[in-house]
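Presented below is the structure to which this report refers.
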Amino acid sequence: MIVSMEQVSRPKRPARDRMSLIAILPLYVFTLLFVAGPLIYMLVLSFLSRAEVWGVVNQFTFRNYARIFEPIYLKTFGQSLKLAFTSTILVALIGYPFGYFMAKLSPKWRGRMMFFLIIPFWTSSLMRLYGWIIFFQANGVLDSILMGIGLTSEPLKILYTYPAVVVGMVYVLVPFMIFSVYSSAEKLDWSLVEAARDLGAGAVKAFLTISLKLTLPGLLSGVVLTFIPSMGLYFIADILGGNKVLLMGSLIYEQLMKAHDWPFAAALSVVLMVMTSLMIYLYRRVTKVKDLEGLI
Amino acid sequence: MSQTILELQGIEKSFQETRVLNNISLSVNQGEFITLLGSSGCGKTTTLRIIAGLEKPDQGQVLLEGQDVTGWEPNQRDVNTVFQNYALFPHMSVEGNIGYSLRLKRVSKPKIRQAVEDALDLVQLEGFEKRMPNELSGGQRQRVAIARAIVNQPKILLLDEPLGALDLQLRRQMQLELKRLQKQLGITFVYITHDQEEALNMSDRIVVMRDGRFEQIGFAEEIYNHPRTSYVARFVGNANVVTGWVEEKDENGSVKFSHPDGVFWAAIPEKPEDRNAVRPGDPAAVAVRSEHLELMSAEAAGSEGLKACVKEKSFTAGMLRITLSLSDGAELIASRHGINSSLEPGDRVSVAWGPENAVMVDLQSGNELESSMEGE
């Protein structure tokens with residue numbers, strides 16, 4: 001009697017369940033080995049001391065974290081955040097309407113637009129950034145055009161300035177915003193907007209209360225896809241900003257590859273990670289969006 | 001008499017090269033339940049969307065209470081729609097959905113709450129305020145969609161096949177409820193359906209649509225018993241349409257027709273202009289519903305009626321349906337209550353009907369008749 005009761009109450013766990021567990025196991029192992037593992041390694045490293053010449057010594061310290069508060073590094077943090085905010089806002093302003101209206105095109109044109117967006121990905125983004133150098137450099141393409149139509153009389157010298165870095169960031173990151181907004185807007189049921197209009201909402205009001213609300217997950221995942229890389233895409237700042245714009249990414253790179261101060265580089269990385277995670281957390285709290293298009 | 005609340009004047013609409021609405025005009029009275037009935041693709045949804053303002057006509061005017069609103073945006077029109085897929089806002093609760101139009105009008109919160117509660121009362125969904133649309137059944141969503149559309153007390157409520165997605169039993173129940181609601185609120189309903197039974201059940205007047213035109217507009221009873229065209233007769237009344245040639249008009253108000261398989265009769269049209277259109281020797285079509293067909297054995301009938309051959313016999317929904325074929329290939333369906341087993345496929349019979357049960361159709365449109373004869 002008791003045995004049969006147990007059989008009834010025990011949740012069914014057929015062989016299929018165990019099979020799927022086995023099938024999924026490699027994924028877990030991979031994640032543990034290549035994602036969680038390095039993160040833990042980095043965290044541990046950030047509390048160790050650097051050796052005299054090369055590597056680390058096994059000596060626990062908070063010094064690496066304390067160093068971050070030195071003005072020069074704080075300034076780098078500030079500059080990185082400012083650039084990340086600026087680029088993310090610009091990317092959202094350009095990418096959202098683009099992705100939103102792309103979803104409203106006919107299927108034929110949607111396919112074409114998608115194709116145009118993907119073409120640049122066939123070339124290395126480094127190569128494409130060198131293209132911007134030619135465009136921006138003194139007496140380059142931009143200057144020739146502007147001086148040609150008489151808007152400016154002398155070269156603008158935009159290359160190796162903060163605006164040039166912003167343009168580069170926006171250029172590299174805007175497709176990700178477009179894709180994620182598009183995938184959200186494509187699922188938007190247009191009859192909902194019509195229903196809102198029918199119930200008395202003007203075009204703008206209907207957009208704000210219905211379309212924007214329902215495509216917010218796409219916008220947010222776009223923001224995440226833009227904000228995080230823009231904190232770390234140091235090669236853009238290097239190529240288009242010269243050595244005038246120093247970012248978190250470049251700082252970490254320099255500490256790791258040039259100064260060989262691994263623990264400090266690790267501490268910087270940990271702080272960067274915590275900051276970006278915090279940003280995402282706050283953003284989600286504020287907007288109350290749970291699903292970031294399957295991103296997080 | 002009742003006031004005209006809505007008027008369509010010579011509306012035309014094309015999508016790309018396809019003409020969807022072809023010069024349609026209609027006037028709807030205050031408090032009326034009017035149904036646009038037609039098969040899919042006949043333009044009924046486009047008509048509704050033009051009334052709602054979601055579509056702009058290429059030609060013609062929409063008048064609301066005598067005012068030309070053709071160029072007005074949907075949000076400027078005092079008209080609300082119950083959409084076919086309900087179109088409930090998935091990110092808002094039931095209360096949020098129903099209160100949406102009131103929030104836009106900046107009605108105070110307590111008043112909105114009260115209005116939402118009243119609307120939910122009307123559609124019998126008390127206490128559902130906090131639910132989200134994805135937590136509701138199809139029937140419940142339907143009710144929320146209706147509540148959302150009536151909470152603002154529009155002058156006209158447009159309903160686009162609102163019961164299409166529900167099962168038969170729920171549909172019957174909702175038909176009665178919608179009718180009750182319409183009487184209770186006194187709002188004009190413009191209802192769309194492809195289901196003639198639904199149309200006959202609920203409507204004061206029915207507009208039968210076909211290929212972007214209004215085939216016939218009339219009271220439900222009139223459409224059912226006096227179809228003007230063979231299409232209406234078939235679509236609304238499931239009637240048989242027989243074509244023959246006018247032989248003579250007799251004094252008792254009947255018309256006799258000749259046909260390769262014999263003779264048949266129909267009532268003479270009531271309207272004088274229709275009556276004048278009936279001339280001996282002219283081709284003509286007659287509609288007669290299946291329950292009015294009388295079958296006799298071919299020998300007993302003599303020269304009366306049409307000679308036909310029993311093609312098949314089926315028993316559905318308590319009715320025996322006998323399919324008969326005429327020599328020209330046309331088919332007639334006769335139906336009876338109960339089972340009459342004496343006839344078998346292949347039997348020769350004679351079909352006749354009382355002239356009072358047969359209506360002449362397609363009188364005003366010679367083309368109509370020709371195309372229907374070709375179609376057989």
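Letters A, B, ... mark the chains of the structure tokens in the order given; residue numbers begin at 1 per chain; ligand numbers begin at 1, in order shown.
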
Quiz item: What's the 9 Å shell around range 169-185 of chain B, counting only C-alpha atoms, without same-chain residues fewer than 2 positions away, as a list in words?
Solution: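 Residues meeting the cut-off are Gly31, Glu32, Phe33, Leu122, Val123, Gly139, Ile150, Gln153, Leu163, Gly164, Ala165, Leu166, Asp167, Ile187, Thr188, Phe189, Glu198, Asn201, Met202 and Ser203 of chain B.
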
Exercise. Could you please write out, as a list in words, every residue of range 160-210 of chain B that DSSP assigns to strand (DSSP E)?
Key: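 Going through range 160-210 of chain B, the strand (DSSP E) residues come out as Asp160, Thr188, Phe189, Val190, Tyr191, Ile192, Thr193, Arg205, Ile206, Val207, Val208, Met209 and Arg210 of chain B.
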
Kindly assemble as a Markdown table a list of the chain B residues that lie within 9 Å of chain A, each paired with its nearest atom pair and their distance in Å to one decimal, using only C-alpha atoms, sorted first by chain and then by ascending residue number.
```
| residue | atom | partner | partner_atom | distance |
| --- | --- | --- | --- | --- |
| B:Ala52 | CA | A:Asp198 | CA | 6.9 |
| B:Gly53 | CA | A:Asp198 | CA | 8.0 |
| B:Leu54 | CA | A:Glu194 | CA | 7.0 |
| B:Glu73 | CA | A:Arg197 | CA | 8.1 |
| B:Pro74 | CA | A:Asp198 | CA | 5.1 |
| B:Asn75 | CA | A:Gly200 | CA | 3.8 |
| B:Gln76 | CA | A:Gly200 | CA | 6.7 |
| B:Arg77 | CA | A:Gly200 | CA | 7.9 |
| B:Asp78 | CA | A:Gly200 | CA | 8.5 |
| B:Val79 | CA | A:Asp198 | CA | 7.4 |
| B:Asn80 | CA | A:Asp198 | CA | 5.9 |
| B:Thr81 | CA | A:Asp198 | CA | 6.8 |
| B:Val82 | CA | A:Ala195 | CA | 8.4 |
| B:Phe83 | CA | A:Ala195 | CA | 7.6 |
| B:Asn85 | CA | A:Ser191 | CA | 8.4 |
| B:Tyr86 | CA | A:Ala195 | CA | 8.8 |
| B:Ala87 | CA | A:Leu192 | CA | 5.2 |
| B:Leu88 | CA | A:Leu192 | CA | 6.9 |
| B:Phe89 | CA | A:Leu192 | CA | 6.4 |
| B:Pro90 | CA | A:Leu214 | CA | 8.5 |
| B:His91 | CA | A:Leu214 | CA | 7.4 |
| B:Tyr100 | CA | A:Leu199 | CA | 7.4 |
| B:Ser101 | CA | A:Leu199 | CA | 5.2 |
| B:Leu102 | CA | A:Gly200 | CA | 8.9 |
| B:Leu104 | CA | A:Ala201 | CA | 6.7 |
| B:Lys105 | CA | A:Gly200 | CA | 8.2 |
| B:Arg148 | CA | A:Leu199 | CA | 8.4 |
| B:Ala149 | CA | A:Leu199 | CA | 7.3 |
| B:Asn152 | CA | A:Leu199 | CA | 8.3 |
```

Quiz item: If we count only C-alpha atoms, what is near range 164-170 of chain A at a cut-off of 7 Å, once residues fewer than 6 positions away on the same chain are taken out, given as JSON, numbers by chain?
Solution: {"A": [83, 87, 90, 91, 129, 158, 230, 236, 237, 240, 241]}

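If you count only C-alpha atoms and ignore residues fewer than 3 places along the chain from Leu225 in chain A, what sits within 8 Å of it is Leu173, Phe176, Met177, Ser221, Gly222, Ile228 and Pro229 of chain A.
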
Practice problem: Please provide the set of residues having any atom within 7 Å of Leu37 in chain B, restricted to only C-alpha atoms, with same-chain residues fewer than 5 positions apart removed, written as number ranges by chain. | Solution: B: 192-194, 196, 199, 206-209

Quiz item: So which one's closest to Asn243 in chain A, A:Tyr283, A:Tyr162, A:Ser184, A:Phe116? Using only C-alpha atoms, please.
Solution: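 For Asn243 in chain A, the nearest of the given residues is A:Tyr162.
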
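CA of Leu45 in chain A sits 18.1 Å away from CA of Met248 in chain A.
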
Residues within 10 Å of Ala66 in chain A, please, as a CSV table (one decimal) with N, CA and C atoms, in the first residue's frame. Count only C-alpha atoms; anything in the same chain fewer than 4 positions from it doesn't count.
```csv
chain,number,residue,atom,x,y,z
A,61,THR,N,46.1,40.4,-1.1
A,61,THR,CA,46.2,41.9,-0.9
A,61,THR,C,44.9,42.6,-1.4
A,62,PHE,N,44.6,43.7,-0.9
A,62,PHE,CA,43.5,44.6,-1.4
A,62,PHE,C,44.1,45.7,-2.3
A,70,GLU,N,43.1,55.8,-7.5
A,70,GLU,CA,44.0,56.8,-7.8
A,70,GLU,C,43.4,57.7,-8.9
A,264,PHE,N,46.5,43.6,-11.1
A,264,PHE,CA,45.8,44.9,-11.3
A,264,PHE,C,44.9,44.9,-12.5
A,267,ALA,N,41.9,43.1,-11.3
A,267,ALA,CA,41.0,43.9,-10.5
A,267,ALA,C,40.2,44.9,-11.3
```

Exercise. Rank nothing, just name the residue among B:Gln9, B:Ser303, B:Ser327, B:Thr316 nearest to Asp68 in chain B, using only C-alpha atoms.
Key: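 Looking at the shortest contact to Asp68 in chain B, the residue is B:Gln9.
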
Self-check item: For Lys307 in chain B: contacts at 10 Å, only C-alpha atoms, fewer than 3 positions along chain excluded, given as a PyMOL selection string
Solution: chain B and resi 259-263+295-298+301-304+324-327+348-352
